[in-house]
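What follows is a short report on a single structure.
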Amino acid sequence: MSQVLQVQTPTHGRVLVEPAAARPVGMLVGFHGYAETADVQMARLGAVPGADVWTRVSIQALHRFYRGRSEEVVASWMTRQDRDQAIADNLQYVNAAIDAAQATAASPALLVFAGFSQGVAMAFRAAVLGRRRSHGVIAVGGGVPPELAGDDAARFTPTLLVRGERDDWYTEALMAADVAALERRGVRVRAAHFDGIHEWGAAATGEAGRFLAAVQSF
(Lines give C-alpha, C1' and ligand atoms only; values in the text may rest on other atoms or scores of the structure.)
Protein backbone atom coordinates (compact mmCIF):
# COMPACT_ATOMS: atom_id res chain seq x y z
CA MET A 1 0.00 0.00 0.00
CA SER A 2 1.29 3.46 -0.90
CA GLN A 3 2.26 5.80 1.91
CA VAL A 4 0.47 9.17 1.96
CA LEU A 5 2.63 12.16 2.85
CA GLN A 6 1.27 15.55 3.88
CA VAL A 7 3.76 18.02 2.38
CA GLN A 8 3.52 21.68 3.38
CA THR A 9 4.35 24.20 0.66
CA PRO A 10 4.04 28.00 0.36
CA THR A 11 1.54 29.40 -2.13
CA HIS A 12 0.03 32.76 -3.04
CA GLY A 13 -3.61 33.78 -2.82
CA ARG A 14 -5.52 36.57 -4.53
CA VAL A 15 -7.17 39.12 -2.24
CA LEU A 16 -9.13 42.20 -3.31
CA VAL A 17 -9.35 45.26 -1.04
CA GLU A 18 -11.70 48.21 -1.49
CA PRO A 19 -11.11 50.99 1.06
CA ALA A 20 -14.07 52.71 2.64
CA ALA A 21 -15.20 55.99 1.08
CA ALA A 22 -14.82 57.74 4.43
CA ARG A 23 -13.42 56.80 7.82
CA PRO A 24 -14.27 53.08 8.05
CA VAL A 25 -16.50 51.67 10.75
CA GLY A 26 -15.07 48.20 10.24
CA MET A 27 -13.86 45.55 7.83
CA LEU A 28 -16.25 43.36 5.82
CA VAL A 29 -14.51 40.20 4.62
CA GLY A 30 -16.12 38.09 1.89
CA PHE A 31 -15.84 34.49 0.71
CA HIS A 32 -17.19 33.46 -2.70
CA GLY A 33 -18.97 30.23 -3.60
CA TYR A 34 -17.78 27.21 -5.55
CA ALA A 35 -16.51 27.98 -9.08
CA GLU A 36 -16.63 31.73 -8.43
CA THR A 37 -13.97 34.39 -7.88
CA ALA A 38 -13.06 37.14 -5.45
CA ASP A 39 -14.32 39.65 -8.02
CA VAL A 40 -17.82 38.16 -7.86
CA GLN A 41 -17.94 38.37 -4.08
CA MET A 42 -16.50 41.88 -4.06
CA ALA A 43 -19.35 43.01 -6.30
CA ARG A 44 -21.82 41.52 -3.81
CA LEU A 45 -20.15 43.27 -0.88
CA GLY A 46 -20.08 46.58 -2.70
CA ALA A 47 -23.82 46.40 -3.41
CA VAL A 48 -24.76 45.98 0.27
CA PRO A 49 -26.44 49.15 1.59
CA GLY A 50 -24.08 50.98 3.91
CA ALA A 51 -21.03 48.93 2.86
CA ASP A 52 -19.29 52.04 1.55
CA VAL A 53 -18.27 52.94 5.12
CA TRP A 54 -16.67 49.53 5.58
CA THR A 55 -13.33 48.41 4.18
CA ARG A 56 -14.32 45.53 1.87
CA VAL A 57 -12.00 42.54 1.51
CA SER A 58 -12.74 39.65 -0.85
CA ILE A 59 -10.56 36.56 -0.46
CA GLN A 60 -10.25 34.15 -3.37
CA ALA A 61 -9.92 30.44 -2.64
CA LEU A 62 -6.51 28.91 -3.21
CA HIS A 63 -7.65 26.09 -5.49
CA ARG A 64 -8.03 27.62 -8.97
CA PHE A 65 -9.25 25.83 -12.09
CA TYR A 66 -10.76 26.55 -15.48
CA ARG A 67 -14.53 26.52 -15.79
CA GLY A 68 -15.35 23.66 -18.14
CA ARG A 69 -13.44 23.99 -21.40
CA SER A 70 -13.28 27.77 -21.21
CA GLU A 71 -10.40 30.06 -20.25
CA GLU A 72 -12.36 31.52 -17.33
CA VAL A 73 -10.46 31.01 -14.06
CA VAL A 74 -12.58 30.19 -11.01
CA ALA A 75 -11.80 28.71 -7.61
CA SER A 76 -12.92 26.32 -4.88
CA TRP A 77 -12.24 26.38 -1.15
CA MET A 78 -11.72 22.67 -0.60
CA THR A 79 -12.86 19.11 -1.25
CA ARG A 80 -13.39 16.22 1.16
CA GLN A 81 -9.87 14.90 0.46
CA ASP A 82 -7.45 15.73 3.30
CA ARG A 83 -10.21 17.91 4.72
CA ASP A 84 -8.64 18.75 8.09
CA GLN A 85 -5.39 19.89 6.50
CA ALA A 86 -7.29 22.01 3.97
CA ILE A 87 -9.24 23.72 6.75
CA ALA A 88 -6.01 24.53 8.61
CA ASP A 89 -4.38 25.85 5.43
CA ASN A 90 -7.40 28.03 4.65
CA LEU A 91 -7.52 29.49 8.16
CA GLN A 92 -3.83 30.37 8.01
CA TYR A 93 -4.44 31.99 4.62
CA VAL A 94 -7.42 34.02 5.85
CA ASN A 95 -5.48 35.28 8.87
CA ALA A 96 -2.61 36.35 6.60
CA ALA A 97 -5.00 37.96 4.11
CA ILE A 98 -6.58 40.11 6.82
CA ASP A 99 -3.13 41.11 8.07
CA ALA A 100 -2.19 42.22 4.55
CA ALA A 101 -5.48 44.06 4.03
CA GLN A 102 -5.12 45.96 7.30
CA ALA A 103 -1.65 47.04 6.23
CA THR A 104 -3.11 48.74 3.14
CA ALA A 105 -6.41 50.09 4.50
CA ALA A 106 -6.77 50.97 8.17
CA SER A 107 -9.92 49.68 9.83
CA PRO A 108 -11.29 50.00 13.37
CA ALA A 109 -12.30 47.11 15.59
CA LEU A 110 -15.49 45.86 13.92
CA LEU A 111 -15.01 42.74 11.79
CA VAL A 112 -17.79 40.95 9.88
CA PHE A 113 -17.43 37.90 7.64
CA ALA A 114 -19.79 37.30 4.69
CA GLY A 115 -20.00 34.12 2.63
CA PHE A 116 -22.08 32.65 -0.15
CA SER A 117 -22.68 28.91 -0.63
CA GLN A 118 -19.36 27.09 -0.17
CA GLY A 119 -17.90 30.32 1.17
CA VAL A 120 -20.30 30.32 4.13
CA ALA A 121 -18.37 27.55 5.86
CA MET A 122 -15.21 29.63 5.53
CA ALA A 123 -16.98 32.68 6.97
CA PHE A 124 -17.97 30.68 10.05
CA ARG A 125 -14.51 29.16 10.43
CA ALA A 126 -12.88 32.57 10.19
CA ALA A 127 -15.30 34.00 12.76
CA VAL A 128 -14.98 31.15 15.26
CA LEU A 129 -11.39 29.98 14.74
CA GLY A 130 -9.62 33.03 13.30
CA ARG A 131 -7.11 35.12 15.23
CA ARG A 132 -9.36 38.17 15.47
CA ARG A 133 -12.59 38.69 17.31
CA SER A 134 -15.56 38.62 14.96
CA HIS A 135 -18.62 40.83 15.35
CA GLY A 136 -20.89 39.04 12.90
CA VAL A 137 -21.39 36.48 10.14
CA ILE A 138 -23.54 36.95 7.03
CA ALA A 139 -24.36 33.50 5.61
CA VAL A 140 -26.22 33.31 2.29
CA GLY A 141 -27.09 29.91 0.82
CA GLY A 142 -25.05 27.90 3.31
CA GLY A 143 -24.79 27.00 6.96
CA VAL A 144 -22.60 26.09 9.89
CA PRO A 145 -19.88 23.57 8.92
CA PRO A 146 -20.21 20.19 10.68
CA GLU A 147 -17.01 20.40 12.71
CA LEU A 148 -18.27 23.62 14.34
CA ALA A 149 -21.90 22.53 14.66
CA GLY A 150 -20.77 19.55 16.72
CA ASP A 151 -18.36 21.51 18.89
CA ASP A 152 -20.12 22.69 22.03
CA ALA A 153 -17.11 24.83 22.91
CA ALA A 154 -17.27 26.81 19.66
CA ARG A 155 -17.92 30.49 20.35
CA PHE A 156 -20.15 31.90 17.64
CA THR A 157 -20.90 35.51 16.81
CA PRO A 158 -24.17 37.29 15.84
CA THR A 159 -25.36 35.59 12.67
CA LEU A 160 -27.58 36.32 9.68
CA LEU A 161 -28.77 33.23 7.78
CA VAL A 162 -30.38 33.82 4.38
CA ARG A 163 -31.84 31.30 1.92
CA GLY A 164 -34.07 31.26 -1.13
CA GLU A 165 -37.39 29.48 -0.68
CA ARG A 166 -36.57 27.25 -3.67
CA ASP A 167 -32.97 26.57 -2.71
CA ASP A 168 -32.55 22.78 -2.87
CA TRP A 169 -28.93 22.98 -1.64
CA TYR A 170 -29.33 24.86 1.62
CA THR A 171 -32.75 23.50 2.55
CA GLU A 172 -35.28 24.72 5.08
CA ALA A 173 -34.44 21.73 7.28
CA LEU A 174 -30.74 22.61 7.26
CA MET A 175 -31.47 26.23 8.12
CA ALA A 176 -33.80 25.21 10.95
CA ALA A 177 -31.09 22.95 12.38
CA ASP A 178 -28.55 25.80 12.22
CA VAL A 179 -30.93 28.21 13.92
CA ALA A 180 -31.62 25.70 16.70
CA ALA A 181 -27.90 24.99 17.21
CA LEU A 182 -27.02 28.68 17.39
CA GLU A 183 -29.93 29.64 19.63
CA ARG A 184 -29.07 26.77 21.97
CA ARG A 185 -25.69 28.45 22.44
CA GLY A 186 -27.33 31.81 23.11
CA VAL A 187 -26.21 33.32 19.80
CA ARG A 188 -28.09 36.29 18.35
CA VAL A 189 -29.36 34.85 15.05
CA ARG A 190 -31.76 36.02 12.34
CA ALA A 191 -33.12 33.63 9.69
CA ALA A 192 -34.39 35.35 6.55
CA HIS A 193 -36.07 33.89 3.47
CA PHE A 194 -36.66 35.30 0.02
CA ASP A 195 -38.48 34.19 -3.11
CA GLY A 196 -35.62 32.67 -5.06
CA ILE A 197 -33.20 29.79 -5.62
CA HIS A 198 -29.59 29.17 -4.58
CA GLU A 199 -28.36 32.70 -5.16
CA TRP A 200 -27.23 35.96 -3.60
CA GLY A 201 -29.72 38.41 -5.05
CA ALA A 202 -31.26 41.74 -4.18
CA ALA A 203 -33.17 40.37 -1.19
CA ALA A 204 -30.03 38.91 0.36
CA THR A 205 -28.20 42.18 -0.29
CA GLY A 206 -30.89 44.11 1.58
CA GLU A 207 -30.80 41.72 4.52
CA ALA A 208 -27.02 42.06 4.67
CA GLY A 209 -27.31 45.84 4.79
CA ARG A 210 -29.73 45.73 7.70
CA PHE A 211 -27.45 43.30 9.52
CA LEU A 212 -24.38 45.54 9.05
CA ALA A 213 -26.34 48.47 10.49
CA ALA A 214 -27.40 46.34 13.46
CA VAL A 215 -23.84 45.14 14.14
CA GLN A 216 -22.82 48.71 14.83
CA SER A 217 -25.32 48.89 17.70
CA PHE A 218 -24.78 45.43 19.26
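Ordering of the C-alpha coordinates sets the chain letters (A, B, ...); residue numbers start at 1 within each chain; ligands are numbered from 1 in the order shown.
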
Query raised in the report: If we count only C-alpha atoms, what is near A:Glu18 at a cut-off of 10 Å, once residues fewer than 4 positions away on the same chain are taken out, given as a ChimeraX atom specification?
Result: /A:27-28,42,45-46,52,54-58,101,104-105

Give the strand (DSSP E) residues of stretch 4-202 of chain A, as assigned by DSSP on the backbone, as a CSV table (one decimal) with N, CA and C atoms, in the first residue's frame.
chain,number,residue,atom,x,y,z
A,15,VAL,N,-6.3,38.4,-3.2
A,15,VAL,CA,-7.2,39.1,-2.2
A,15,VAL,C,-7.4,40.5,-2.8
A,16,LEU,N,-8.7,40.9,-2.9
A,16,LEU,CA,-9.1,42.2,-3.3
A,16,LEU,C,-9.5,43.1,-2.1
A,17,VAL,N,-9.1,44.3,-2.1
A,17,VAL,CA,-9.3,45.3,-1.0
A,17,VAL,C,-9.9,46.5,-1.6
A,18,GLU,N,-11.1,47.0,-1.1
A,18,GLU,CA,-11.7,48.2,-1.5
A,18,GLU,C,-11.8,49.1,-0.3
A,26,GLY,N,-15.5,49.6,10.0
A,26,GLY,CA,-15.1,48.2,10.2
A,26,GLY,C,-14.6,47.6,8.9
A,27,MET,N,-14.3,46.3,9.0
A,27,MET,CA,-13.9,45.6,7.8
A,27,MET,C,-14.9,44.4,7.5
A,28,LEU,N,-15.3,44.4,6.3
A,28,LEU,CA,-16.3,43.4,5.8
A,28,LEU,C,-15.5,42.4,4.9
A,29,VAL,N,-15.3,41.2,5.3
A,29,VAL,CA,-14.5,40.2,4.6
A,29,VAL,C,-15.4,39.2,4.0
A,30,GLY,N,-15.2,39.0,2.6
A,30,GLY,CA,-16.1,38.1,1.9
A,30,GLY,C,-15.4,36.8,1.4
A,31,PHE,N,-16.3,35.8,1.2
A,31,PHE,CA,-15.8,34.5,0.7
A,31,PHE,C,-16.8,34.0,-0.4
A,54,TRP,N,-17.5,50.7,5.1
A,54,TRP,CA,-16.7,49.5,5.6
A,54,TRP,C,-15.5,49.3,4.6
A,55,THR,N,-14.4,48.9,5.1
A,55,THR,CA,-13.3,48.4,4.2
A,55,THR,C,-13.7,47.0,3.7
A,56,ARG,N,-13.9,46.8,2.4
A,56,ARG,CA,-14.3,45.5,1.9
A,56,ARG,C,-13.1,44.7,1.4
A,57,VAL,N,-13.1,43.5,1.9
A,57,VAL,CA,-12.0,42.5,1.5
A,57,VAL,C,-12.6,41.3,0.9
A,58,SER,N,-12.2,40.9,-0.2
A,58,SER,CA,-12.7,39.6,-0.9
A,58,SER,C,-11.6,38.7,-1.1
A,59,ILE,N,-11.7,37.5,-0.4
A,59,ILE,CA,-10.6,36.6,-0.5
A,59,ILE,C,-10.9,35.5,-1.4
A,63,HIS,N,-7.6,27.2,-4.5
A,63,HIS,CA,-7.6,26.1,-5.5
A,63,HIS,C,-8.3,26.6,-6.8
A,64,ARG,N,-7.5,27.1,-7.7
A,64,ARG,CA,-8.0,27.6,-9.0
A,64,ARG,C,-8.1,26.5,-10.1
A,65,PHE,N,-9.1,26.7,-11.0
A,65,PHE,CA,-9.2,25.8,-12.1
A,65,PHE,C,-10.0,26.6,-13.2
A,66,TYR,N,-10.0,26.0,-14.4
A,66,TYR,CA,-10.8,26.6,-15.5
A,66,TYR,C,-12.2,26.0,-15.5
A,73,VAL,N,-11.0,31.6,-15.3
A,73,VAL,CA,-10.5,31.0,-14.1
A,73,VAL,C,-11.4,31.2,-12.9
A,74,VAL,N,-11.7,30.1,-12.2
A,74,VAL,CA,-12.6,30.2,-11.0
A,74,VAL,C,-11.9,29.4,-9.9
A,75,ALA,N,-12.5,29.3,-8.7
A,75,ALA,CA,-11.8,28.7,-7.6
A,75,ALA,C,-12.8,28.0,-6.7
A,76,SER,N,-12.2,27.1,-5.9
A,76,SER,CA,-12.9,26.3,-4.9
A,76,SER,C,-12.2,26.3,-3.6
A,110,LEU,N,-14.4,46.7,14.4
A,110,LEU,CA,-15.5,45.9,13.9
A,110,LEU,C,-15.0,45.0,12.8
A,111,LEU,N,-15.4,43.7,12.8
A,111,LEU,CA,-15.0,42.7,11.8
A,111,LEU,C,-16.2,41.8,11.5
A,112,VAL,N,-16.7,41.8,10.3
A,112,VAL,CA,-17.8,41.0,9.9
A,112,VAL,C,-17.4,40.1,8.7
A,113,PHE,N,-17.7,38.8,8.7
A,113,PHE,CA,-17.4,37.9,7.6
A,113,PHE,C,-18.7,37.6,6.9
A,114,ALA,N,-18.6,37.5,5.5
A,114,ALA,CA,-19.8,37.3,4.7
A,114,ALA,C,-19.5,36.3,3.6
A,115,GLY,N,-20.2,35.2,3.6
A,115,GLY,CA,-20.0,34.1,2.6
A,115,GLY,C,-21.2,33.7,1.8
A,116,PHE,N,-21.0,33.2,0.7
A,116,PHE,CA,-22.1,32.7,-0.2
A,116,PHE,C,-21.8,31.2,-0.5
A,136,GLY,N,-19.7,39.5,13.6
A,136,GLY,CA,-20.9,39.0,12.9
A,136,GLY,C,-20.6,38.2,11.7
A,137,VAL,N,-21.5,37.3,11.3
A,137,VAL,CA,-21.4,36.5,10.1
A,137,VAL,C,-22.7,36.6,9.3
A,138,ILE,N,-22.5,36.9,8.0
A,138,ILE,CA,-23.5,36.9,7.0
A,138,ILE,C,-23.4,35.7,6.2
A,139,ALA,N,-24.4,34.8,6.3
A,139,ALA,CA,-24.4,33.5,5.6
A,139,ALA,C,-25.5,33.4,4.6
A,140,VAL,N,-25.2,33.4,3.3
A,140,VAL,CA,-26.2,33.3,2.3
A,140,VAL,C,-26.1,32.0,1.5
A,159,THR,N,-25.3,36.2,14.0
A,159,THR,CA,-25.4,35.6,12.7
A,159,THR,C,-26.6,35.9,11.9
A,160,LEU,N,-26.5,36.2,10.6
A,160,LEU,CA,-27.6,36.3,9.7
A,160,LEU,C,-27.5,35.1,8.7
A,161,LEU,N,-28.6,34.3,8.7
A,161,LEU,CA,-28.8,33.2,7.8
A,161,LEU,C,-29.8,33.6,6.7
A,162,VAL,N,-29.5,33.5,5.5
A,162,VAL,CA,-30.4,33.8,4.4
A,162,VAL,C,-30.5,32.7,3.4
A,163,ARG,N,-31.7,32.3,3.0
A,163,ARG,CA,-31.8,31.3,1.9
A,163,ARG,C,-33.0,31.6,1.0
A,164,GLY,N,-32.9,31.2,-0.2
A,164,GLY,CA,-34.1,31.3,-1.1
A,164,GLY,C,-35.1,30.2,-0.8
A,189,VAL,N,-29.3,35.4,16.4
A,189,VAL,CA,-29.4,34.9,15.0
A,189,VAL,C,-30.7,35.3,14.4
A,190,ARG,N,-30.6,35.7,13.1
A,190,ARG,CA,-31.8,36.0,12.3
A,190,ARG,C,-31.8,35.1,11.1
A,191,ALA,N,-32.9,34.5,10.9
A,191,ALA,CA,-33.1,33.6,9.7
A,191,ALA,C,-34.1,34.3,8.7
A,192,ALA,N,-33.6,34.6,7.5
A,192,ALA,CA,-34.4,35.4,6.6
A,192,ALA,C,-34.6,34.5,5.3
A,193,HIS,N,-35.8,34.6,4.7
A,193,HIS,CA,-36.1,33.9,3.5
A,193,HIS,C,-36.4,34.9,2.4
A,194,PHE,N,-36.2,34.5,1.1
A,194,PHE,CA,-36.7,35.3,0.0
A,194,PHE,C,-37.2,34.4,-1.1

Query - Of the listed residues A:Gly209, A:Pro24, A:Gly196, A:Pro19, that which approaches A:Glu165 most closely, counting only C-alpha atoms - result: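 Looking only at the distances to A:Glu165, the closest residue turns out to be A:Gly196.
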
Query raised in the report: Hey, which of A:Gly13, A:Gly50, A:Gly206, A:Gly119 ends up closest to A:Glu36? Count only C-alpha atoms.
Result: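 With only C-alpha atoms as the atom set, the closest residue is A:Gly119.
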
Requested in this report: Could you find all residues in stretch 82-217 of chain A that DSSP calls alpha helix (DSSP H) from the backbone, and write them as a ChimeraX atom specification?
Outcome: /A:83-104,118-129,146-149,172-184,202-215
